[in-house]
Every structure is written in structure tokens, then in C-alpha cells.
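Reproduced below: data.tsv, with TSV, C-alpha atoms.
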```
chain	number	residue	atom	x	y	z
A	1	MET	CA	4.01	-9.02	-24.90
A	2	LYS	CA	0.59	-7.83	-23.79
A	3	PHE	CA	1.86	-7.92	-20.20
A	4	LEU	CA	5.01	-5.88	-20.81
A	5	LYS	CA	3.19	-2.58	-20.34
A	6	PHE	CA	2.06	-3.62	-16.86
A	7	PHE	CA	5.62	-4.55	-15.95
A	8	ILE	CA	6.86	-1.13	-17.08
A	9	VAL	CA	4.14	0.76	-15.18
A	10	GLY	CA	4.99	-1.43	-12.16
A	11	ILE	CA	8.65	-0.39	-12.42
A	12	LEU	CA	7.60	3.26	-12.46
A	13	PHE	CA	5.46	2.59	-9.37
A	14	GLY	CA	8.38	0.91	-7.55
A	15	ILE	CA	10.71	3.79	-8.39
A	16	VAL	CA	8.32	6.54	-7.26
A	17	MET	CA	7.48	4.63	-4.04
A	18	THR	CA	11.20	4.38	-3.27
A	19	LYS	CA	12.34	7.83	-4.40
A	20	ALA	CA	9.54	9.68	-2.60
A	21	GLU	CA	10.30	7.56	0.50
A	22	ILE	CA	6.71	6.32	0.64
A	23	ILE	CA	8.13	2.89	1.49
A	24	SER	CA	9.82	4.33	4.58
A	25	TRP	CA	8.21	3.30	7.88
A	26	TYR	CA	9.03	6.79	9.20
A	27	ARG	CA	6.94	8.56	6.55
A	28	ILE	CA	3.86	6.65	7.69
A	29	TYR	CA	4.61	7.30	11.36
A	30	GLU	CA	5.05	11.06	10.82
A	31	MET	CA	1.84	11.15	8.76
A	32	PHE	CA	-0.17	9.72	11.65
A	33	LYS	CA	1.64	12.13	14.01
A	34	PHE	CA	0.72	15.07	11.72
A	35	GLN	CA	4.40	16.10	11.70
A	36	SER	CA	4.88	16.37	7.95
A	37	PHE	CA	2.87	17.38	4.91
A	38	HIS	CA	4.68	14.91	2.62
A	39	MET	CA	2.20	11.99	2.56
A	40	TYR	CA	-0.84	14.28	2.59
A	41	GLY	CA	0.57	16.15	-0.38
A	42	ILE	CA	1.20	12.93	-2.28
A	43	ILE	CA	-2.20	11.35	-1.65
A	44	GLY	CA	-4.01	14.68	-1.99
A	45	SER	CA	-2.45	15.63	-5.32
A	46	ALA	CA	-2.92	12.09	-6.69
A	47	VAL	CA	-6.61	12.22	-5.73
A	48	VAL	CA	-7.20	15.70	-7.21
A	49	LEU	CA	-5.55	14.74	-10.50
A	50	GLY	CA	-7.40	11.41	-10.36
A	51	MET	CA	-10.69	13.32	-10.20
A	52	VAL	CA	-9.80	15.00	-13.49
A	53	SER	CA	-9.19	11.58	-15.10
A	54	MET	CA	-12.47	10.25	-13.73
A	55	PHE	CA	-14.31	13.25	-15.14
A	56	LEU	CA	-12.80	12.65	-18.58
A	57	PHE	CA	-13.71	8.94	-18.38
A	58	ARG	CA	-17.27	9.70	-17.35
A	59	LYS	CA	-17.69	12.15	-20.21
A	60	ASN	CA	-16.29	9.47	-22.52
A	61	MET	CA	-13.55	11.82	-23.65
A	62	ILE	CA	-10.95	9.12	-23.08
A	63	LYS	CA	-11.32	5.48	-24.01
A	64	THR	CA	-9.00	2.53	-23.39
A	65	PHE	CA	-6.21	1.89	-25.88
A	66	GLU	CA	-8.52	-0.71	-27.43
A	67	GLY	CA	-11.27	1.88	-27.88
A	68	GLN	CA	-13.58	0.67	-25.11
A	69	GLU	CA	-15.39	2.97	-22.73
A	70	ILE	CA	-13.77	3.25	-19.32
A	71	HIS	CA	-16.29	2.31	-16.69
A	72	VAL	CA	-15.12	2.58	-13.08
A	73	ALA	CA	-17.00	-0.10	-11.14
A	74	PRO	CA	-18.09	1.17	-7.71
A	75	LYS	CA	-16.71	-0.46	-4.56
A	76	LYS	CA	-18.87	-2.73	-2.41
A	77	ARG	CA	-21.03	-0.83	0.05
A	78	GLY	CA	-21.45	-1.60	3.74
A	79	VAL	CA	-20.66	0.66	6.67
A	80	TYR	CA	-19.44	-2.22	8.86
A	81	ARG	CA	-17.13	-3.67	6.24
A	82	ASN	CA	-15.66	-0.32	5.25
A	83	LEU	CA	-15.29	1.06	8.77
A	84	LEU	CA	-14.23	-2.07	10.70
A	85	GLY	CA	-12.13	-3.42	7.84
A	86	GLY	CA	-10.63	0.03	7.42
A	87	ILE	CA	-9.74	0.32	11.12
A	88	LEU	CA	-8.07	-3.10	11.12
A	89	PHE	CA	-6.17	-2.17	7.97
A	90	GLY	CA	-5.09	1.14	9.54
A	91	LEU	CA	-3.75	-0.63	12.66
A	92	GLY	CA	-1.63	-2.86	10.45
A	93	TRP	CA	-0.58	-0.02	8.15
A	94	ALA	CA	0.77	2.08	11.03
A	95	LEU	CA	2.54	-0.91	12.66
A	96	ALA	CA	4.15	-2.27	9.49
A	97	GLY	CA	4.66	1.26	8.14
A	98	ALA	CA	3.65	-0.16	4.78
A	99	CYS	CA	0.48	-0.90	2.89
A	100	PRO	CA	0.40	-3.66	0.25
A	101	GLY	CA	2.12	-1.70	-2.57
A	102	PRO	CA	5.16	-0.62	-0.54
A	103	MET	CA	5.44	-4.14	0.96
A	104	PHE	CA	6.25	-5.54	-2.46
A	105	VAL	CA	8.55	-2.63	-3.35
A	106	LEU	CA	10.51	-3.33	-0.14
A	107	ILE	CA	11.33	-6.82	-1.43
A	108	GLY	CA	13.12	-5.10	-4.31
A	109	LYS	CA	14.93	-2.93	-1.81
A	110	GLY	CA	16.29	-6.13	-0.27
A	111	VAL	CA	14.43	-6.04	3.07
A	112	VAL	CA	14.24	-9.70	4.09
A	113	SER	CA	11.92	-9.20	7.08
A	114	ILE	CA	9.19	-7.71	4.88
A	115	LEU	CA	8.62	-11.27	3.64
A	116	VAL	CA	7.24	-12.10	7.09
A	117	VAL	CA	4.83	-9.14	6.81
A	118	ILE	CA	3.73	-10.30	3.36
A	119	LEU	CA	3.27	-13.85	4.66
A	120	GLY	CA	1.10	-12.38	7.44
A	121	SER	CA	-0.94	-10.40	4.91
A	122	ILE	CA	-1.56	-13.53	2.82
A	123	LEU	CA	-2.59	-15.38	5.98
A	124	GLY	CA	-4.91	-12.50	6.88
A	125	THR	CA	-6.46	-12.57	3.42
A	126	PHE	CA	-6.96	-16.34	3.69
A	127	CYS	CA	-8.57	-16.04	7.13
A	128	TYR	CA	-10.91	-13.34	5.83
A	129	GLY	CA	-12.02	-15.73	3.09
A	130	MET	CA	-12.66	-18.42	5.73
A	131	VAL	CA	-14.74	-16.29	8.12
A	132	LYS	CA	-16.29	-13.68	5.84
A	133	ASP	CA	-19.83	-15.06	6.22
A	134	LYS	CA	-19.58	-14.84	10.01
A	135	ILE	CA	-18.49	-11.19	10.35
A	136	PRO	CA	-20.58	-8.06	9.79
A	137	HIS	CA	-20.52	-6.30	6.46
B	1	MET	CA	20.74	13.30	-12.89
B	2	GLU	CA	21.02	15.61	-9.89
B	3	PHE	CA	17.23	15.59	-9.58
B	4	ILE	CA	16.88	11.81	-9.87
B	5	SER	CA	19.32	11.14	-7.06
B	6	GLN	CA	17.53	13.55	-4.67
B	7	PRO	CA	14.47	12.36	-2.70
B	8	TRP	CA	11.41	13.28	-4.76
B	9	PRO	CA	9.03	15.85	-3.24
B	10	TRP	CA	5.29	15.26	-2.91
B	11	PHE	CA	4.39	17.38	-5.93
B	12	VAL	CA	6.43	15.04	-8.12
B	13	ALA	CA	5.29	11.78	-6.53
B	14	GLY	CA	1.55	12.58	-6.38
B	15	PRO	CA	1.21	13.38	-10.10
B	16	ILE	CA	3.24	10.27	-11.05
B	17	ILE	CA	0.90	8.11	-8.96
B	18	ALA	CA	-2.06	9.81	-10.69
B	19	ALA	CA	-0.41	9.01	-14.04
B	20	ILE	CA	0.00	5.35	-13.04
B	21	THR	CA	-3.68	5.20	-12.09
B	22	PHE	CA	-4.60	6.78	-15.42
B	23	LEU	CA	-2.40	4.40	-17.42
B	24	LEU	CA	-3.93	1.33	-15.77
B	25	PHE	CA	-7.43	2.59	-16.63
B	26	TYR	CA	-6.23	3.31	-20.16
B	27	PHE	CA	-5.07	-0.31	-20.33
B	28	GLY	CA	-8.54	-1.38	-19.16
B	29	LYS	CA	-7.68	-2.18	-15.52
B	30	ARG	CA	-8.32	-0.71	-12.08
B	31	PHE	CA	-5.38	0.11	-9.80
B	32	GLY	CA	-5.53	-2.00	-6.62
B	33	VAL	CA	-2.59	-3.79	-5.05
B	34	SER	CA	-4.21	-5.82	-2.26
B	35	SER	CA	-6.21	-7.91	-4.76
B	36	ASN	CA	-2.92	-9.65	-5.47
B	37	LEU	CA	-2.98	-11.15	-1.98
B	38	GLU	CA	-6.30	-12.79	-2.85
B	39	THR	CA	-4.86	-14.02	-6.15
B	40	LEU	CA	-1.84	-15.50	-4.33
B	41	CYS	CA	-4.24	-17.38	-2.00
B	42	SER	CA	-6.09	-18.76	-5.03
B	43	ILE	CA	-2.86	-19.87	-6.70
B	44	ALA	CA	-1.75	-21.55	-3.47
B	45	GLY	CA	-4.94	-23.63	-3.52
B	46	ALA	CA	-7.11	-21.79	-0.96
B	47	GLY	CA	-10.10	-22.63	-3.15
B	48	ARG	CA	-10.07	-26.11	-1.59
B	49	PHE	CA	-11.08	-24.58	1.74
B	50	THR	CA	-13.64	-21.98	0.68
B	51	ASP	CA	-15.38	-20.96	-2.52
B	52	TYR	CA	-14.26	-17.37	-1.91
B	53	PHE	CA	-10.91	-18.26	-3.50
B	54	LYS	CA	-12.34	-20.28	-6.37
B	55	ILE	CA	-11.72	-17.63	-8.94
B	56	ASP	CA	-10.15	-17.70	-12.35
B	57	TRP	CA	-6.96	-16.07	-11.13
B	58	LYS	CA	-5.46	-15.93	-14.61
B	59	GLN	CA	-7.56	-12.83	-15.28
B	60	ASN	CA	-5.48	-11.12	-12.57
B	61	THR	CA	-2.14	-12.01	-14.12
B	62	TRP	CA	-1.66	-8.41	-15.24
B	63	ASN	CA	-1.71	-7.31	-11.59
B	64	LEU	CA	0.91	-9.88	-10.55
B	65	ILE	CA	3.06	-8.62	-13.43
B	66	PHE	CA	2.53	-5.07	-12.16
B	67	ILE	CA	3.76	-6.15	-8.71
B	68	ALA	CA	6.77	-7.90	-10.25
B	69	GLY	CA	7.54	-4.56	-11.91
B	70	ALA	CA	7.15	-2.78	-8.56
B	71	ILE	CA	9.72	-5.13	-7.02
B	72	ALA	CA	12.08	-4.45	-9.94
B	73	GLY	CA	11.46	-0.71	-9.56
B	74	GLY	CA	12.35	-0.86	-5.86
B	75	PHE	CA	15.60	-2.61	-6.77
B	76	ILE	CA	16.45	-0.15	-9.54
B	77	ALA	CA	15.73	2.95	-7.47
B	78	THR	CA	17.66	1.64	-4.47
B	79	HIS	CA	20.75	0.53	-6.34
B	80	TRP	CA	21.07	3.13	-9.08
B	81	PHE	CA	19.20	6.29	-8.09
B	82	SER	CA	19.74	6.55	-4.35
B	83	PRO	CA	23.17	7.68	-3.15
B	84	THR	CA	21.95	7.88	0.45
B	85	GLN	CA	19.57	5.91	2.65
B	86	ILE	CA	18.92	8.81	5.01
B	87	VAL	CA	15.31	9.94	5.44
B	88	GLU	CA	15.15	13.61	6.50
B	89	LEU	CA	12.72	13.83	9.41
B	90	ASN	CA	11.22	16.54	11.55
B	91	PRO	CA	13.40	16.80	14.74
B	92	GLN	CA	10.20	16.41	16.75
B	93	THR	CA	9.52	13.06	15.03
B	94	ILE	CA	13.04	11.85	15.85
B	95	GLN	CA	12.61	12.87	19.48
B	96	ASP	CA	9.15	11.28	19.76
B	97	LEU	CA	10.50	8.02	18.35
B	98	SER	CA	13.47	8.08	20.70
B	99	GLU	CA	11.07	8.42	23.63
B	100	ILE	CA	9.12	5.32	22.60
B	101	GLY	CA	12.26	3.24	22.09
B	102	ILE	CA	13.12	3.69	18.41
B	103	GLN	CA	16.63	5.15	18.06
B	104	ASN	CA	18.47	6.60	15.04
B	105	ALA	CA	15.19	7.48	13.32
B	106	GLY	CA	15.78	8.36	9.67
B	107	ALA	CA	19.30	6.86	9.44
B	108	THR	CA	17.80	4.30	7.05
B	109	TYR	CA	14.36	3.79	5.50
B	110	LEU	CA	13.20	1.37	8.21
B	111	PRO	CA	13.77	1.09	11.98
B	112	ASP	CA	16.02	-1.80	13.09
B	113	GLU	CA	13.75	-2.22	16.12
B	114	ILE	CA	11.14	-3.73	13.76
B	115	PHE	CA	12.91	-4.84	10.59
B	116	SER	CA	16.46	-6.00	11.40
B	117	ILE	CA	17.23	-9.68	10.86
B	118	GLU	CA	17.90	-10.13	14.60
B	119	THR	CA	14.49	-8.66	15.43
B	120	MET	CA	12.82	-10.85	12.83
B	121	LEU	CA	14.42	-13.94	14.36
B	122	SER	CA	13.23	-13.09	17.88
B	123	LEU	CA	9.86	-14.37	19.02
B	124	LYS	CA	8.46	-10.90	19.75
B	125	GLY	CA	9.87	-9.40	16.56
B	126	PHE	CA	8.49	-12.15	14.35
B	127	PHE	CA	5.10	-11.88	16.05
B	128	ILE	CA	4.95	-8.09	15.44
B	129	LEU	CA	5.79	-8.50	11.73
B	130	ILE	CA	3.29	-11.27	11.14
B	131	VAL	CA	0.48	-9.58	13.09
B	132	ALA	CA	1.05	-6.30	11.26
B	133	GLY	CA	0.77	-8.11	7.93
B	134	PHE	CA	-2.23	-10.11	9.10
B	135	MET	CA	-4.16	-6.93	9.98
B	136	VAL	CA	-3.30	-5.36	6.62
B	137	GLY	CA	-4.38	-8.45	4.68
B	138	PHE	CA	-7.57	-9.18	6.62
B	139	GLY	CA	-8.51	-5.49	6.82
B	140	ALA	CA	-7.94	-4.84	3.13
B	141	ARG	CA	-10.26	-7.67	2.05
B	142	TRP	CA	-12.87	-6.77	4.65
B	143	ALA	CA	-12.86	-3.11	3.60
B	144	GLY	CA	-12.71	-4.14	-0.06
B	145	GLY	CA	-9.46	-2.40	-0.91
B	146	CYS	CA	-6.29	-0.75	0.39
B	147	THR	CA	-4.61	2.60	-0.07
B	148	SER	CA	-4.48	2.29	-3.87
B	149	GLY	CA	-8.02	1.02	-4.46
B	150	HIS	CA	-9.78	3.11	-1.83
B	151	ALA	CA	-7.67	6.18	-0.97
B	152	ILE	CA	-6.42	6.91	-4.51
B	153	VAL	CA	-8.95	5.49	-6.99
B	154	GLY	CA	-12.05	5.38	-4.77
B	155	LEU	CA	-11.68	8.94	-3.45
B	156	SER	CA	-10.94	10.22	-6.97
B	157	ASN	CA	-14.17	8.58	-8.08
B	158	LEU	CA	-16.06	10.17	-5.14
B	159	GLU	CA	-17.17	6.82	-3.75
B	160	ILE	CA	-18.75	6.83	-0.29
B	161	PRO	CA	-17.46	3.31	0.61
B	162	SER	CA	-13.94	4.55	-0.06
B	163	LEU	CA	-14.41	7.65	2.07
B	164	ILE	CA	-15.65	5.51	4.97
B	165	SER	CA	-12.75	3.10	4.49
B	166	VAL	CA	-10.18	5.89	4.46
B	167	ILE	CA	-11.70	7.31	7.65
B	168	GLY	CA	-11.30	3.78	9.06
B	169	PHE	CA	-7.66	3.63	7.88
B	170	PHE	CA	-7.01	6.83	9.84
B	171	ILE	CA	-8.84	5.76	12.98
B	172	GLY	CA	-6.79	2.54	13.01
B	173	GLY	CA	-3.54	4.32	12.15
B	174	LEU	CA	-4.02	6.95	14.85
B	175	ILE	CA	-4.83	4.33	17.49
B	176	MET	CA	-1.71	2.35	16.57
B	177	THR	CA	0.61	5.36	16.37
B	178	TRP	CA	-0.58	7.27	19.43
B	179	LEU	CA	-1.74	4.52	21.79
B	180	ILE	CA	-0.22	1.15	20.91
B	181	LEU	CA	3.26	1.85	19.45
B	182	PRO	CA	4.43	3.58	22.69
B	183	LEU	CA	3.71	0.33	24.57
B	184	ILE	CA	5.53	-2.06	22.24
B	185	PHE	CA	9.25	-1.21	22.30
```
Starting from the file, lay out its structure as C-alpha cells.
Amino acid sequence: MKFLKFFIVGILFGIVMTKAEIISWYRIYEMFKFQSFHMYGIIGSAVVLGMVSMFLFRKNMIKTFEGQEIHVAPKKRGVYRNLLGGILFGLGWALAGACPGPMFVLIGKGVVSILVVILGSILGTFCYGMVKDKIPH
Amino acid sequence: MEFISQPWPWFVAGPIIAAITFLLFYFGKRFGVSSNLETLCSIAGAGRFTDYFKIDWKQNTWNLIFIAGAIAGGFIATHWFSPTQIVELNPQTIQDLSEIGIQNAGATYLPDEIFSIETMLSLKGFFILIVAGFMVGFGARWAGGCTSGHAIVGLSNLEIPSLISVIGFFIGGLIMTWLILPLIF
């Protein structure tokens, strides 16, 4: 039962990704063409509201449901890893028109070919694990 | 019900995504979808090849459950809340896509030129799908996160690595959209 809440939040995520058309290839294309405000509005408003949550966590005004402090662990630093990894990710994002979240939601939509994209992303993850000590971070 | 069956505008979707991020923190977790790809590698036995995948993946079970929910959510929204598959696009976007070889833009969520079964079964089509996924998977692990972990959570938390990563996402996305996509179809 302790996992049920994650399943429910996941359902909400899948519904909002679908209903706001974030899983549409075209919404990603138009974002990179600067032809619509839609995706900028979504990411921008999520980030601004996220900042409010982070502030409340940092001030310890909100704890987890089990009463623990919420500590947001910082991401790994490294200009090469963030920039080069980010560029490679962006190339894939704009070609597939989907980042990892939407890829999974598209399975639920019944898009068979997205399974090939997901297979590719698992392969990419595996290859990163194999060569990570040989590439700049 | 009228509202639910309409496409949701950004000012509805953005706050819901912020709420999802908040709820995961409240449950003691950090929102990040691409970590699941690493977990799937570990489950498949990638730890035999490199220590990088020798992790106790059971601690990430919650995230796999989250993704299972996302798949269910995609099914529910598609079958019960979406009377139409049409994506309303800027006429300029439709014209630009037509010029690079993608027709009927917005008639469905995804272009047939990339995602139809026939395309998937062609050598070129299969190659495009797998390479696109490969770049997303490799890039996400290299950068240390994807749109959820870096663009949503990382930027909210004012993290410099996330800002650099998001700048990278845009450099890559702009190169693909403006320079490479016109050459593919």
C-alpha cells in the first residue's frame, strides 16, 4: 500500500502530460521554433511555483508526511557533463519530440513506435555507464 | 466535464506539475523520470558489465510505480477525456513543417513521418527512433537529469548545474530543430 500514492501521482502526471499536449511532438517542435508560448508557460509556471515550495522546505515550514525535514540534494556539478550531456539530450529531445516522462505516457496512449525510442534510451543509458570514465565531466 | 475534455492551457498544466513535484517531496522523494532508465538497466543485469549499475534498485521501486501510473494516466486521458486528437498549431508552424516534409501537422499528436508503424518498420525510420532515444538516454545520465530533474526541480532550487544543463538542452534542441530536422525528411 505504501506505493499506491506514487501510482496515483503518476496517473495525475500522465493525464496532465496528455491533456496539455506536452506529449505531442508538435509542441516540442513549436517550442524550439519559438512559435508558441505554451511550453514556456508550463515550464515557467511550474518553476516559479516550485521556488515557493523550495523556500518553504528550506525554512522547514513543511516536512514530509512522516515528519522528516525535506532536504533537496544538489545535482552533480561539472560544466562539461551538464553542457555536453545537456546538448546531447536536447538533440534527442527535439528529434523524438519527447523527454523521458512523455515517452512513458505515450505507451499509455498506445503509440507502439515509442517503444523503439525507449529501447534506444535504455541503450544510451547503458552505454553511458560503460564509457563514463572515459568522457569529460 | 466540458473543461476536462478541452485541451488544458499552460496555466492549468504548470501548477499541476508543480503540485506533483511538491507531493513527491512531501512523500520524501525527488521528481526525476530519467533515473528509471538507469534502474531498468540494473534490473536487466547491466551490473555484470560495469559497477555503475550495481545499485540496490529496490530503493527506486517508487519511481517505477510512478511511471506505471504515468502510463495508466496516458491511457485514461486518451480514452476517456479526449474527444479529439487534433493539436491546434500556429499556421506558421504547419507551413514550416510542410516545407521540411512533415504533412498534416496537428491532425494527431505525433507525425506519421516519424511514428507510424510503416515508418518504424523501415530501416531509416527505425534508425531515427532508436538514435533519438539513445541521445536522450545517454545525454540525461551525462547531464545528471532530464526535464523533470533539471528544468523543473533543479531550476526551482536555483541550482547552477541545472541552469547549465537546461541551456544545453536548448542548444541541442535548437540545433536539431533548425539545422538537422530540415535535412532528414
Practice prompt. Determine which residues of chain A sit within 6 Å of chain B, taking into account all atoms listed in the file, and present them as JSON, numbers by chain.
Written response: {"A": [6, 7, 10, 11, 13, 14, 15, 18, 19, 20, 24, 25, 32, 38, 41, 42, 45, 46, 47, 50, 51, 64, 65, 77, 81, 82, 83, 85, 86, 87, 88, 89, 90, 91, 92, 94, 95, 96, 100, 101, 104, 105, 108, 109, 113, 116, 117, 118, 120, 121, 122, 124, 125, 128, 129]}
Using only C-alpha atoms, please write the residues we just selected to a file, as a PDB file, keeping the file's coordinate frame.
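Full text of again.pdb as output:
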```pdb
ATOM      1  CA  PHE A   6       2.060  -3.620 -16.860  1.00  0.00           C
ATOM      2  CA  PHE A   7       5.620  -4.550 -15.950  1.00  0.00           C
ATOM      3  CA  GLY A  10       4.990  -1.430 -12.160  1.00  0.00           C
ATOM      4  CA  ILE A  11       8.650  -0.390 -12.420  1.00  0.00           C
ATOM      5  CA  PHE A  13       5.460   2.590  -9.370  1.00  0.00           C
ATOM      6  CA  GLY A  14       8.380   0.910  -7.550  1.00  0.00           C
ATOM      7  CA  ILE A  15      10.710   3.790  -8.390  1.00  0.00           C
ATOM      8  CA  THR A  18      11.200   4.380  -3.270  1.00  0.00           C
ATOM      9  CA  LYS A  19      12.340   7.830  -4.400  1.00  0.00           C
ATOM     10  CA  ALA A  20       9.540   9.680  -2.600  1.00  0.00           C
ATOM     11  CA  SER A  24       9.820   4.330   4.580  1.00  0.00           C
ATOM     12  CA  TRP A  25       8.210   3.300   7.880  1.00  0.00           C
ATOM     13  CA  PHE A  32      -0.170   9.720  11.650  1.00  0.00           C
ATOM     14  CA  HIS A  38       4.680  14.910   2.620  1.00  0.00           C
ATOM     15  CA  GLY A  41       0.570  16.150  -0.380  1.00  0.00           C
ATOM     16  CA  ILE A  42       1.200  12.930  -2.280  1.00  0.00           C
ATOM     17  CA  SER A  45      -2.450  15.630  -5.320  1.00  0.00           C
ATOM     18  CA  ALA A  46      -2.920  12.090  -6.690  1.00  0.00           C
ATOM     19  CA  VAL A  47      -6.610  12.220  -5.730  1.00  0.00           C
ATOM     20  CA  GLY A  50      -7.400  11.410 -10.360  1.00  0.00           C
ATOM     21  CA  MET A  51     -10.690  13.320 -10.200  1.00  0.00           C
ATOM     22  CA  THR A  64      -9.000   2.530 -23.390  1.00  0.00           C
ATOM     23  CA  PHE A  65      -6.210   1.890 -25.880  1.00  0.00           C
ATOM     24  CA  ARG A  77     -21.030  -0.830   0.050  1.00  0.00           C
ATOM     25  CA  ARG A  81     -17.130  -3.670   6.240  1.00  0.00           C
ATOM     26  CA  ASN A  82     -15.660  -0.320   5.250  1.00  0.00           C
ATOM     27  CA  LEU A  83     -15.290   1.060   8.770  1.00  0.00           C
ATOM     28  CA  GLY A  85     -12.130  -3.420   7.840  1.00  0.00           C
ATOM     29  CA  GLY A  86     -10.630   0.030   7.420  1.00  0.00           C
ATOM     30  CA  ILE A  87      -9.740   0.320  11.120  1.00  0.00           C
ATOM     31  CA  LEU A  88      -8.070  -3.100  11.120  1.00  0.00           C
ATOM     32  CA  PHE A  89      -6.170  -2.170   7.970  1.00  0.00           C
ATOM     33  CA  GLY A  90      -5.090   1.140   9.540  1.00  0.00           C
ATOM     34  CA  LEU A  91      -3.750  -0.630  12.660  1.00  0.00           C
ATOM     35  CA  GLY A  92      -1.630  -2.860  10.450  1.00  0.00           C
ATOM     36  CA  ALA A  94       0.770   2.080  11.030  1.00  0.00           C
ATOM     37  CA  LEU A  95       2.540  -0.910  12.660  1.00  0.00           C
ATOM     38  CA  ALA A  96       4.150  -2.270   9.490  1.00  0.00           C
ATOM     39  CA  PRO A 100       0.400  -3.660   0.250  1.00  0.00           C
ATOM     40  CA  GLY A 101       2.120  -1.700  -2.570  1.00  0.00           C
ATOM     41  CA  PHE A 104       6.250  -5.540  -2.460  1.00  0.00           C
ATOM     42  CA  VAL A 105       8.550  -2.630  -3.350  1.00  0.00           C
ATOM     43  CA  GLY A 108      13.120  -5.100  -4.310  1.00  0.00           C
ATOM     44  CA  LYS A 109      14.930  -2.930  -1.810  1.00  0.00           C
ATOM     45  CA  SER A 113      11.920  -9.200   7.080  1.00  0.00           C
ATOM     46  CA  VAL A 116       7.240 -12.100   7.090  1.00  0.00           C
ATOM     47  CA  VAL A 117       4.830  -9.140   6.810  1.00  0.00           C
ATOM     48  CA  ILE A 118       3.730 -10.300   3.360  1.00  0.00           C
ATOM     49  CA  GLY A 120       1.100 -12.380   7.440  1.00  0.00           C
ATOM     50  CA  SER A 121      -0.940 -10.400   4.910  1.00  0.00           C
ATOM     51  CA  ILE A 122      -1.560 -13.530   2.820  1.00  0.00           C
ATOM     52  CA  GLY A 124      -4.910 -12.500   6.880  1.00  0.00           C
ATOM     53  CA  THR A 125      -6.460 -12.570   3.420  1.00  0.00           C
ATOM     54  CA  TYR A 128     -10.910 -13.340   5.830  1.00  0.00           C
ATOM     55  CA  GLY A 129     -12.020 -15.730   3.090  1.00  0.00           C
TER      56      GLY A 129
END
```
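The interatomic distance for the pair atom CA of A:Met54 and atom CA of A:Val72 works out to 8.1 Å.
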Extending 3 Å beyond the listed atoms of stretch 154-167 of chain B on each side, what axis-aligned box results? I want centre and edge lengths in Å to one decimal, as lines of an AutoDock Vina configuration file.
```
center_x = -14.5
center_y = 6.7
center_z = -0.2
size_x = 14.6
size_y = 13.1
size_z = 21.7
```
Provide the atom CA of A:Ile23 to atom CA of A:Ile114 distance in Å, to one decimal place.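 Between these atoms lies a distance of 11.2 Å.
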